[in-house]
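Chemist: My structure file target.txt, compact mmCIF, C-alpha atoms, is below:
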```txt
# COMPACT_ATOMS: atom_id res chain seq x y z
CA MET A 1 7.51 -25.19 18.68
CA THR A 2 10.55 -24.51 20.83
CA THR A 3 10.60 -22.37 23.95
CA SER A 4 12.28 -19.55 22.05
CA ALA A 5 9.34 -19.35 19.68
CA VAL A 6 7.06 -18.13 22.43
CA LEU A 7 9.29 -15.49 23.97
CA THR A 8 7.27 -12.52 25.11
CA GLU A 9 7.58 -8.96 23.87
CA GLY A 10 9.45 -8.23 27.10
CA SER A 11 12.40 -10.46 26.15
CA PRO A 12 15.41 -9.48 24.03
CA LEU A 13 14.13 -11.47 21.06
CA GLY A 14 10.71 -10.02 21.72
CA ALA A 15 12.20 -6.58 21.23
CA PHE A 16 13.62 -7.71 17.93
CA ARG A 17 10.20 -9.03 16.93
CA ALA A 18 8.80 -5.54 17.46
CA VAL A 19 11.42 -4.17 15.06
CA LEU A 20 10.57 -6.82 12.47
CA LYS A 21 6.87 -6.03 12.70
CA SER A 22 7.57 -2.32 12.30
CA GLN A 23 9.75 -2.79 9.24
CA TYR A 24 7.40 -5.24 7.53
CA HIS A 25 4.53 -2.79 7.94
CA ALA A 26 6.70 0.09 6.70
CA GLY A 27 7.84 -1.83 3.62
CA LEU A 28 4.32 -2.95 2.83
CA ALA A 29 3.07 0.63 3.22
CA MET A 30 5.54 1.74 0.55
CA LEU A 31 4.53 -1.14 -1.71
CA ARG A 32 0.90 -0.10 -1.24
CA GLN A 33 1.78 3.38 -2.50
CA THR A 34 3.26 2.02 -5.72
CA ILE A 35 0.19 -0.14 -6.35
CA ASP A 36 -2.23 2.70 -5.61
CA GLN A 37 -0.37 5.13 -7.86
CA CYS A 38 0.14 2.81 -10.84
CA PRO A 39 -2.09 3.77 -13.80
CA GLU A 40 -3.95 0.97 -15.55
CA GLU A 41 -1.90 1.19 -18.74
CA LEU A 42 1.35 0.68 -16.79
CA TRP A 43 -0.15 -2.00 -14.55
CA SER A 44 -0.30 -4.53 -17.38
CA ASP A 45 2.32 -3.08 -19.74
CA ASP A 46 4.13 -6.08 -21.19
CA GLU A 47 7.14 -4.15 -22.50
CA PRO A 48 9.28 -5.01 -19.43
CA VAL A 49 10.19 -8.65 -18.86
CA ASN A 50 7.70 -8.62 -15.98
CA ALA A 51 4.68 -6.35 -15.89
CA PHE A 52 4.07 -4.08 -12.91
CA TRP A 53 1.40 -6.41 -11.54
CA GLN A 54 3.79 -9.36 -11.70
CA VAL A 55 6.49 -7.66 -9.64
CA ALA A 56 3.93 -6.43 -7.09
CA TYR A 57 2.40 -9.88 -6.73
CA HIS A 58 5.84 -11.49 -6.55
CA ALA A 59 6.81 -9.17 -3.67
CA LEU A 60 3.65 -10.01 -1.75
CA TYR A 61 3.85 -13.73 -2.45
CA PHE A 62 7.33 -14.12 -1.01
CA THR A 63 6.68 -11.78 1.91
CA HIS A 64 3.73 -14.01 2.79
CA LEU A 65 5.61 -17.27 2.16
CA TYR A 66 8.72 -16.41 4.16
CA LEU A 67 6.75 -15.12 7.14
CA GLN A 68 5.74 -18.74 7.77
CA PRO A 69 7.61 -21.01 10.19
CA ASP A 70 8.50 -23.35 7.31
CA GLU A 71 7.45 -24.35 3.81
CA ALA A 72 5.02 -27.04 5.03
CA PHE A 73 3.12 -24.45 7.07
CA PHE A 74 2.43 -22.18 4.09
CA ARG A 75 -1.13 -21.87 2.81
CA PRO A 76 -1.63 -19.64 -0.25
CA TRP A 77 -3.85 -16.60 -0.19
CA PRO A 78 -7.45 -17.64 -1.08
CA GLY A 79 -7.32 -15.57 -4.29
CA HIS A 80 -4.11 -17.20 -5.47
CA GLN A 81 -3.96 -18.87 -8.90
CA PRO A 82 -2.41 -22.31 -8.32
CA ASP A 83 -2.80 -23.74 -11.82
CA VAL A 84 0.36 -22.18 -13.27
CA GLN A 85 4.03 -23.09 -13.59
CA HIS A 86 5.31 -20.08 -11.66
CA GLU A 87 2.97 -19.37 -8.77
CA ASP A 88 4.66 -16.11 -7.80
CA GLY A 89 3.56 -14.54 -11.10
CA ILE A 90 7.06 -13.82 -12.39
CA ALA A 91 7.94 -14.96 -15.89
CA GLY A 92 10.38 -17.85 -15.94
CA THR A 93 11.76 -20.60 -18.12
CA PRO A 94 8.92 -22.82 -19.33
CA ASP A 95 8.87 -26.48 -18.39
CA PRO A 96 8.32 -28.44 -21.62
CA ALA A 97 6.94 -31.36 -19.62
CA SER A 98 4.18 -29.24 -18.08
CA ASP A 99 0.76 -28.55 -19.55
CA LEU A 100 0.20 -25.62 -17.19
CA PRO A 101 0.39 -22.04 -18.48
CA LEU A 102 3.62 -20.17 -17.85
CA ILE A 103 2.15 -16.92 -16.53
CA PRO A 104 -1.12 -16.65 -14.59
CA ARG A 105 -4.03 -14.51 -15.62
CA PRO A 106 -3.11 -10.95 -14.67
CA TYR A 107 -4.21 -9.96 -11.19
CA THR A 108 -6.17 -6.72 -11.12
CA LYS A 109 -5.20 -3.87 -8.83
CA GLU A 110 -8.21 -4.70 -6.68
CA GLN A 111 -7.09 -8.32 -6.30
CA THR A 112 -3.52 -7.30 -5.56
CA LEU A 113 -4.66 -4.77 -2.96
CA ALA A 114 -6.77 -7.49 -1.36
CA TYR A 115 -3.65 -9.66 -1.13
CA TRP A 116 -1.72 -6.67 0.23
CA GLN A 117 -4.32 -6.28 3.00
CA PHE A 118 -4.11 -10.00 3.74
CA CYS A 119 -0.32 -9.75 4.14
CA ASP A 120 -0.38 -6.57 6.21
CA ASP A 121 -3.02 -8.04 8.52
CA MET A 122 -1.01 -11.22 9.13
CA VAL A 123 2.37 -9.62 9.91
CA ASP A 124 2.09 -9.24 13.68
CA ASP A 125 0.81 -12.75 14.38
CA ALA A 126 3.22 -14.31 11.89
CA VAL A 127 6.28 -12.61 13.37
CA ALA A 128 5.14 -13.51 16.89
CA ALA A 129 5.06 -17.20 15.90
CA LEU A 130 8.58 -17.35 14.43
CA ASP A 131 11.37 -19.17 16.24
CA LEU A 132 14.11 -16.59 15.72
CA GLN A 133 16.71 -18.83 17.36
CA ARG A 134 16.16 -21.63 14.88
CA PRO A 135 19.46 -22.42 13.10
CA THR A 136 17.70 -23.08 9.79
CA SER A 137 15.23 -21.01 7.79
CA GLY A 138 12.62 -23.74 7.42
CA PHE A 139 12.90 -23.49 3.63
CA SER A 140 15.12 -26.08 1.97
CA TRP A 141 16.38 -23.68 -0.69
CA TYR A 142 17.53 -21.09 1.88
CA ARG A 143 20.34 -22.57 3.93
CA VAL A 144 20.55 -19.80 6.53
CA SER A 145 19.24 -19.20 10.04
CA LYS A 146 15.66 -18.12 10.67
CA LEU A 147 16.84 -14.73 11.96
CA GLU A 148 18.91 -14.04 8.86
CA HIS A 149 16.12 -15.30 6.63
CA GLN A 150 13.78 -12.65 8.02
CA ILE A 151 16.30 -9.93 7.16
CA ILE A 152 16.53 -11.40 3.65
CA ASN A 153 12.75 -11.28 3.35
CA LEU A 154 12.61 -7.61 4.34
CA ARG A 155 15.38 -6.76 1.91
CA HIS A 156 13.67 -8.65 -0.91
CA LEU A 157 10.45 -6.72 -0.29
CA GLN A 158 12.35 -3.43 -0.33
CA HIS A 159 14.34 -4.43 -3.43
CA ARG A 160 11.18 -5.15 -5.43
CA LEU A 161 9.25 -2.09 -4.33
CA ALA A 162 12.26 0.05 -5.27
CA GLN A 163 12.06 -1.36 -8.80
CA LEU A 164 8.37 -0.50 -8.94
CA ALA A 165 8.94 2.96 -7.49
CA ASP A 166 11.57 3.74 -10.11
CA ARG A 167 9.37 2.37 -12.88
CA LEU A 168 6.58 4.68 -11.70
CA ARG A 169 8.89 7.67 -11.59
CA SER A 170 10.51 7.02 -14.97
CA LYS A 171 7.23 6.28 -16.76
CA GLU A 172 4.78 8.55 -14.95
CA GLY A 173 6.85 11.08 -13.01
CA VAL A 174 5.26 9.87 -9.76
CA GLY A 175 7.30 9.62 -6.56
CA THR A 176 6.94 7.20 -3.65
CA ARG A 177 7.02 8.55 -0.10
CA TRP A 178 9.60 6.91 2.15
CA VAL A 179 8.15 5.18 5.22
CA ALA A 180 10.85 4.70 7.85
CA ALA A 181 9.00 2.66 10.45
CA ARG A 182 5.75 1.89 12.13
CA ARG A 183 5.81 3.49 15.54
CA VAL A 184 6.83 1.06 18.27
CA THR A 185 5.79 1.65 21.85
CA ALA A 186 8.38 1.93 24.61
CA ASP A 187 7.10 -1.14 26.44
CA GLU A 188 8.15 -3.28 23.47
CA PHE A 189 11.80 -2.47 24.29
CA PRO A 190 12.06 -2.83 28.08
CA ILE A 191 15.24 -4.91 28.31
CA PRO A 192 18.79 -3.67 27.61
CA ILE A 193 20.72 -5.94 25.27
CA THR A 194 23.86 -7.34 26.92
CA PRO A 195 26.84 -9.11 25.34
CA ARG A 196 25.44 -12.43 26.59
CA SER A 197 22.00 -11.85 25.12
CA PRO A 198 20.62 -13.94 22.23
CA MET A 199 20.26 -10.61 20.46
CA MET A 200 24.01 -10.51 19.96
CA THR A 201 23.34 -12.69 16.92
CA PHE A 202 21.57 -9.62 15.55
CA SER A 203 24.87 -7.82 15.02
CA SER A 204 26.53 -10.67 13.15
CA THR A 205 23.41 -11.19 11.05
CA MET A 206 23.21 -7.52 10.12
CA ARG A 207 26.94 -7.34 9.41
CA SER A 208 26.62 -10.22 6.96
CA SER A 209 23.59 -8.69 5.25
CA PHE A 210 25.11 -5.21 4.91
CA LEU A 211 28.37 -6.52 3.50
CA ARG A 212 26.60 -8.73 0.99
CA GLU A 213 24.44 -5.82 -0.11
CA LEU A 214 27.44 -3.52 -0.48
CA GLU A 215 29.24 -6.18 -2.48
CA SER A 216 26.18 -6.27 -4.74
CA VAL A 217 26.35 -2.48 -5.16
CA ARG A 218 29.98 -2.87 -6.18
CA ARG A 219 29.12 -5.62 -8.66
CA GLU A 220 26.31 -3.51 -10.12
CA ILE A 221 28.72 -0.61 -10.69
CA GLU A 222 31.27 -2.97 -12.24
CA ALA A 223 28.58 -4.43 -14.54
CA TYR A 224 28.04 -1.21 -16.52
CA SER A 225 29.53 -1.95 -19.94
CA ASP A 226 30.29 1.74 -20.51
CA GLU A 227 31.50 3.71 -17.48
CA SER A 228 29.78 6.87 -18.67
CA LEU A 229 26.40 5.14 -18.40
CA ILE A 230 26.80 5.04 -14.61
CA TRP A 231 25.94 8.75 -14.68
CA SER A 232 23.27 8.55 -17.38
CA LEU A 233 19.99 10.16 -16.37
CA PRO A 234 17.07 9.02 -18.57
CA PRO A 235 13.88 11.12 -18.50
CA GLY A 236 11.88 10.53 -15.34
CA VAL A 237 14.74 8.93 -13.40
CA PRO A 238 15.76 11.26 -10.56
CA ASN A 239 19.13 9.73 -9.66
CA SER A 240 21.83 7.94 -11.61
CA ALA A 241 23.61 4.88 -10.28
CA GLY A 242 26.61 7.07 -9.54
CA THR A 243 24.54 9.39 -7.37
CA LEU A 244 22.95 6.47 -5.55
CA ALA A 245 26.37 4.90 -4.92
CA LEU A 246 27.65 8.17 -3.43
CA HIS A 247 24.52 8.46 -1.29
CA ILE A 248 24.80 4.88 -0.02
CA ALA A 249 28.46 5.34 0.85
CA GLY A 250 27.87 8.66 2.61
CA ASN A 251 24.84 7.40 4.51
CA LEU A 252 26.62 4.34 5.90
CA GLN A 253 29.89 6.11 6.66
CA HIS A 254 27.91 8.67 8.63
CA TYR A 255 25.65 6.40 10.66
CA PHE A 256 27.97 3.44 11.14
CA GLY A 257 31.28 5.27 10.97
CA ALA A 258 30.75 8.64 12.63
CA VAL A 259 27.70 8.03 14.84
CA LEU A 260 28.20 4.42 15.97
CA GLY A 261 31.93 4.03 15.39
CA GLY A 262 33.17 7.46 16.42
CA THR A 263 35.18 8.03 13.23
CA ALA A 264 36.10 11.48 11.97
CA TYR A 265 33.92 11.16 8.86
CA ILE A 266 32.00 14.37 8.11
CA ARG A 267 29.02 13.89 5.85
CA ASP A 268 28.09 16.28 3.05
CA ARG A 269 24.68 14.95 2.08
CA PRO A 270 23.89 17.63 -0.54
CA ALA A 271 27.14 16.76 -2.32
CA GLU A 272 26.05 13.13 -2.55
CA PHE A 273 23.29 14.29 -4.89
CA SER A 274 25.03 17.16 -6.69
CA THR A 275 28.42 15.61 -7.49
CA ARG A 276 28.73 14.22 -11.02
CA ASP A 277 31.07 12.11 -13.13
CA VAL A 278 33.05 10.49 -10.34
CA SER A 279 35.09 7.66 -11.84
CA ARG A 280 34.05 4.06 -11.42
CA SER A 281 37.23 3.35 -9.47
CA GLU A 282 36.53 6.20 -7.03
CA LEU A 283 32.96 4.99 -6.51
CA LEU A 284 34.32 1.56 -5.62
CA VAL A 285 36.75 3.12 -3.14
CA ARG A 286 33.85 4.87 -1.42
CA ILE A 287 31.81 1.68 -1.29
CA ALA A 288 34.81 -0.06 0.29
CA ALA A 289 34.98 2.72 2.90
CA ALA A 290 31.31 2.13 3.69
CA GLU A 291 32.01 -1.59 4.09
CA ALA A 292 34.78 -0.80 6.55
CA ALA A 293 32.53 1.54 8.54
CA VAL A 294 29.75 -1.05 8.81
CA ALA A 295 32.10 -3.87 9.76
CA GLY A 296 33.92 -1.73 12.30
CA ALA A 297 30.77 -0.61 14.09
CA LEU A 298 29.10 -4.02 14.16
CA ASP A 299 32.29 -5.83 15.15
CA ALA A 300 32.35 -3.58 18.23
CA SER A 301 28.65 -4.10 18.88
CA THR A 302 29.13 -5.39 22.43
CA GLN A 303 29.24 -1.71 23.36
CA LEU A 304 25.87 -0.98 21.74
CA ASP A 305 22.62 -0.97 23.64
CA LEU A 306 20.33 -1.96 20.82
CA ALA A 307 17.18 -1.31 22.81
CA GLN A 308 18.02 2.30 23.66
CA PRO A 309 17.17 5.34 21.51
CA PHE A 310 19.65 5.98 18.73
CA SER A 311 21.80 9.02 19.46
CA GLU A 312 20.61 10.88 16.37
CA PRO A 313 17.00 11.15 15.15
CA LEU A 314 16.15 9.99 11.65
CA GLY A 315 13.78 12.26 9.79
CA GLY A 316 12.87 13.87 13.09
CA ALA A 317 11.91 10.51 14.62
CA ALA A 318 13.56 9.01 17.70
CA LEU A 319 14.14 5.30 17.04
CA THR A 320 15.91 2.53 18.89
CA THR A 321 19.41 1.61 17.77
CA ALA A 322 18.19 -1.81 16.60
CA GLU A 323 15.48 -0.26 14.46
CA VAL A 324 17.85 2.30 12.97
CA ILE A 325 20.19 -0.51 11.92
CA ILE A 326 17.35 -2.39 10.24
CA HIS A 327 16.10 0.85 8.69
CA LEU A 328 19.56 1.42 7.21
CA ALA A 329 19.54 -2.13 5.83
CA VAL A 330 16.21 -1.71 4.03
CA HIS A 331 17.27 1.77 2.88
CA LEU A 332 20.34 0.17 1.31
CA ALA A 333 18.22 -2.57 -0.31
CA TYR A 334 15.84 0.07 -1.68
CA HIS A 335 18.64 1.96 -3.41
CA LEU A 336 20.28 -1.26 -4.61
CA GLY A 337 17.00 -2.07 -6.36
CA GLN A 338 17.06 1.36 -7.99
CA ILE A 339 20.64 0.87 -9.19
CA ASP A 340 19.70 -2.52 -10.61
CA TYR A 341 16.76 -0.99 -12.49
CA HIS A 342 18.94 1.90 -13.74
CA ARG A 343 21.65 -0.43 -15.03
CA ARG A 344 19.18 -2.57 -16.95
CA LEU A 345 17.45 0.53 -18.33
CA VAL A 346 20.51 2.40 -19.62
CA THR A 347 22.56 -0.59 -20.79
CA GLY A 348 19.67 -2.55 -22.29
CA ASP A 349 20.99 -5.65 -20.52
CA PRO A 350 18.17 -7.43 -18.65
CA ALA A 351 20.53 -9.81 -16.82
CA GLY A 352 20.72 -9.61 -13.05
CA ILE A 353 23.84 -9.97 -10.89
CA ASN A 354 22.37 -12.38 -8.32
CA ALA A 355 22.25 -9.54 -5.82
CA VAL A 356 20.55 -11.56 -3.08
CA ASP A 357 22.67 -14.71 -3.27
CA PRO A 358 22.12 -16.52 0.07
CA SER A 359 25.43 -18.37 -0.21
CA ARG A 360 27.20 -15.13 0.72
CA LEU A 361 25.50 -14.88 4.12
CA ALA A 362 27.21 -15.67 7.39
CA SER A 363 24.73 -18.23 8.73
CA ARG A 364 24.56 -20.35 5.59
CA LEU A 365 24.73 -24.06 6.29
CA PRO A 366 27.82 -25.97 5.19
CA PRO A 367 27.59 -28.17 2.09
CA GLY A 368 25.80 -31.40 2.85
CA ALA A 369 23.92 -30.06 5.85
CA SER A 370 20.17 -30.51 5.72
CA SER A 371 17.28 -28.23 6.56
CA PRO A 372 14.23 -29.67 8.30
```
Let me see the file written as structure tokens.
Modeler:
Amino acid sequence: MTTSAVLTEGSPLGAFRAVLKSQYHAGLAMLRQTIDQCPEELWSDDEPVNAFWQVAYHALYFTHLYLQPDEAFFRPWPGHQPDVQHEDGIAGTPDPASDLPLIPRPYTKEQTLAYWQFCDDMVDDAVAALDLQRPTSGFSWYRVSKLEHQIINLRHLQHRLAQLADRLRSKEGVGTRWVAARRVTADEFPIPITPRSPMMTFSSTMRSSFLRELESVRREIEAYSDESLIWSLPPGVPNSAGTLALHIAGNLQHYFGAVLGGTAYIRDRPAEFSTRDVSRSELLVRIAAAEAAVAGALDASTQLDLAQPFSEPLGGAALTTAEVIIHLAVHLAYHLGQIDYHRRLVTGDPAGINAVDPSRLASRLPPGASSP
């Protein structure tokens, strides 16, 4: 383990660890809600490509896996079913050369909640052990830095729980309460972040993640075969993809543009949810404006003190600037997951758009480079 892996909570990277811990716990808390609220008939419903239990287990499995220093360090949860082709529970292409079953025996809610508890309990120690300055993720199939890989892991968790939350709402009319953060004590953020700090990599990492996510929103909107379906509102679904795109654009232009970047953008949040039938081309223009706001603010991040309280409370809570930025990233991932679910639902097309393609991230390794 390198020296950077044992940095204390009083260091700049230690402050970032506190943010990671907070956001992992918040994401897992939301996932717990979806599991708790899922009725038994929906839990194992095999009408979707993947049943509710499969998506929930998949989210936990990869959260657990990618919280490890590297793939060799990973030890499955004791209740894990290893004798299957796809250990994460998600249906996949069968291997004709394998005698193992394709999908494991369904995990019960009780088993899945036990795994949830296992993951939630391990978060703090796991994050504390990560070398966030490592240039590689530790996983051969993810050719990005360890820092960026942790952001990917958070976004993946949020993406999957958003799919489950929308499935619950559309099938059962049950909502999922948003959890912004686990409270972080002031002594976890004692050091201002300077332009020479290792935490400056935080800004470039977040810039890359936001822009990839916004590109995925754009590709989702472009993937609707019929433009009118962007605004379709099936029973039980509270927001169309068009509404979510307007909300994403307004949210990011406000926080990154107006608050962090000092632009003249004036947000009308109610209009984000009440406006209807905006053209596809106009939605794409607004997404592009959000991209510009994010890039502009994070490109000028040497002027940000990431450890200080953000200048505007979120939901009545005073958070650090670093945590607000990560909160906005997982908020974006949550709504991207909802758009993805909406598109598949209203178009009948189960194909994805490769929304979390790691090759579009800034710290990806060049072709031919190897990961340890």
Chemist: Can you work out which one of A:Leu132, A:Cys38, A:Ala264, A:Ala289 has the shortest atom-to-atom distance to Gly173 in chain A, counting all atoms listed in the file?
Modeler: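 For Gly173 in chain A, the nearest of the given residues is A:Cys38.
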Chemist: So that I can see what lies close to Pro135 in chain A, please list as a PyMOL selection string the residues with an atom at most 8 Å from it, counting all atoms listed in the file and leaving out residues fewer than 6 positions away in the same chain.
Modeler: chain A and resi 144-146
Chemist: Could you check the closest approach to Pro235 in chain A for each of A:Glu110, A:Arg167, A:Arg105, A:Asp36 and tell me which residue wins, using all atoms listed in the file?
Modeler: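 For Pro235 in chain A, the nearest of the candidates is A:Arg167.
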Chemist: Go ahead and compute the interatomic distance for CA of His58 in chain A and CA of Thr205 in chain A, in Å to one decimal.
Modeler: 24.9 Å
Chemist: Quick one: of A:Val324, A:Leu229, A:Met206, A:Ala181, who's nearest to Val259 in chain A, counting only C-alpha atoms?
Modeler: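 Checking each candidate against Val259 in chain A, we get A:Val324 as the closest.
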Chemist: In Å to one decimal, how far is CA of Tyr334 in chain A from CA of Ser203 in chain A?
Modeler: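 According to the coordinates, CA of Ser203 in chain A and CA of Tyr334 in chain A are separated by 20.6 Å.
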Chemist: Give me, as a ChimeraX atom specification, all polymer residues having an atom no more than 12 Å from Arg169 in chain A, counting only C-alpha atoms and skipping those fewer than 5 positions away in the same chain.
Modeler: /A:34,37-39,42,162-164,174-177,234-239,338,341-342
Chemist: Just the number, please: distance in Å from CA of Val179 in chain A to CA of Ala26 in chain A, one decimal.
Modeler: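 Spanning CA of Val179 in chain A to CA of Ala26 in chain A is a straight-line distance of 5.5 Å.
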Chemist: Please determine the residues with any atom at most 12 Å from (-2.2, -15.3, 8.1) (coordinates as given in the file, with only C-alpha atoms counting) and report them as a list in words.
Modeler: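 Output of the proximity query reads Thr63, His64, Leu65, Tyr66, Leu67, Gln68, Pro69, Phe73, Phe74, Arg75, Pro76, Trp77, Pro78, Tyr115, Trp116, Gln117, Phe118, Cys119, Asp120, Asp121, Met122, Val123, Asp124, Asp125, Ala126, Val127, Ala128 and Ala129 of chain A.
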Chemist: My list of candidates is A:Ala114, A:Asp226, A:Ile325, A:His86. Which is closest to Phe16 in chain A when distances are computed with only C-alpha atoms?
Modeler: A:Ile325
Chemist: List every protein, DNA or RNA residue with an atom no more than 7 Å from (15.4, 0.7, 21.7) in the file's coordinates, counting only C-alpha atoms, and format the result as a JSON list (two decimals) with C-alpha atoms, keeping the file's coordinate frame.
Modeler:
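Saved file part-v4.json follows:
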```json
[["chain", "number", "residue", "atom", "x", "y", "z"],
["A", 189, "PHE", "CA", 11.80, -2.47, 24.29],
["A", 306, "LEU", "CA", 20.33, -1.96, 20.82],
["A", 307, "ALA", "CA", 17.18, -1.31, 22.81],
["A", 308, "GLN", "CA", 18.02, 2.30, 23.66],
["A", 309, "PRO", "CA", 17.17, 5.34, 21.51],
["A", 319, "LEU", "CA", 14.14, 5.30, 17.04],
["A", 320, "THR", "CA", 15.91, 2.53, 18.89],
["A", 321, "THR", "CA", 19.41, 1.61, 17.77],
["A", 322, "ALA", "CA", 18.19, -1.81, 16.60]]
```
Chemist: What's around Gly242 in chain A at 9 Å? Count all atoms listed in the file, leave out sequence neighbours fewer than 6 positions away in its own chain, and write the answer as a ChimeraX atom specification.
Modeler: /A:221,230-232,275-280,283,339
Chemist: Env of Gly250 in chain A: 9 Å cut, atoms = all atoms listed in the file, seq-sep filter 2 positions within chain, self excluded. Answer as JSON, numbers by chain.
Modeler: {"A": [245, 246, 247, 248, 252, 253, 254, 255, 266, 267, 268, 269, 272, 286, 287, 290]}
Chemist: Point out the residue among A:Gly138, A:Gly257, A:Tyr107, A:Leu314 with the least atom-to-atom distance to His80 in chain A, counting only C-alpha atoms.
Modeler: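 Of all the options, A:Tyr107 lies closest to His80 in chain A.
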Chemist: Quick one: of A:Arg343, A:His331, A:Arg212, A:His149, who's nearest to Arg134 in chain A, counting only C-alpha atoms?
Modeler: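 So, comparing all the options, the nearest one is A:His149.
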Chemist: Writing all heavy atoms and nothing else, produce range 349-355 of chain A as a tab-separated table (two decimals), in the first residue's frame.
Modeler:
```tsv
chain	number	residue	atom	x	y	z
A	349	ASP	N	-38.19	-0.74	-26.82
A	349	ASP	CA	-36.84	-1.14	-27.23
A	349	ASP	C	-35.99	-1.38	-25.99
A	349	ASP	O	-35.67	-0.43	-25.27
A	349	ASP	CB	-36.23	-0.03	-28.09
A	349	ASP	CG	-34.83	-0.37	-28.59
A	349	ASP	OD1	-34.35	-1.49	-28.29
A	349	ASP	OD2	-34.21	0.47	-29.28
A	350	PRO	N	-35.59	-2.63	-25.72
A	350	PRO	CA	-34.83	-2.91	-24.50
A	350	PRO	C	-33.35	-2.57	-24.60
A	350	PRO	O	-32.62	-2.69	-23.61
A	350	PRO	CB	-35.02	-4.42	-24.33
A	350	PRO	CG	-35.14	-4.93	-25.74
A	350	PRO	CD	-35.89	-3.85	-26.49
A	351	ALA	N	-32.89	-2.14	-25.76
A	351	ALA	CA	-31.46	-1.90	-25.94
A	351	ALA	C	-31.00	-0.68	-25.15
A	351	ALA	O	-31.70	0.33	-25.06
A	351	ALA	CB	-31.14	-1.70	-27.43
A	352	GLY	N	-29.81	-0.78	-24.58
A	352	GLY	CA	-29.21	0.35	-23.88
A	352	GLY	C	-28.39	1.20	-24.84
A	352	GLY	O	-28.23	0.87	-26.02
A	353	ILE	N	-27.83	2.29	-24.32
A	353	ILE	CA	-27.02	3.18	-25.15
A	353	ILE	C	-25.57	3.22	-24.66
A	353	ILE	O	-24.82	4.12	-25.02
A	353	ILE	CB	-27.60	4.61	-25.16
A	353	ILE	CG1	-27.60	5.19	-23.74
A	353	ILE	CG2	-28.99	4.64	-25.77
A	353	ILE	CD1	-27.57	6.69	-23.70
A	354	ASN	N	-25.20	2.27	-23.81
A	354	ASN	CA	-23.86	2.24	-23.23
A	354	ASN	C	-23.58	3.54	-22.49
A	354	ASN	O	-22.58	4.23	-22.71
A	354	ASN	CB	-22.80	2.01	-24.32
A	354	ASN	CG	-21.48	1.53	-23.76
A	354	ASN	OD1	-21.42	1.08	-22.61
A	354	ASN	ND2	-20.43	1.61	-24.55
A	355	ALA	N	-24.50	3.86	-21.58
A	355	ALA	CA	-24.47	5.16	-20.90
A	355	ALA	C	-23.25	5.35	-20.02
A	355	ALA	O	-22.84	6.48	-19.76
A	355	ALA	CB	-25.74	5.34	-20.07
```
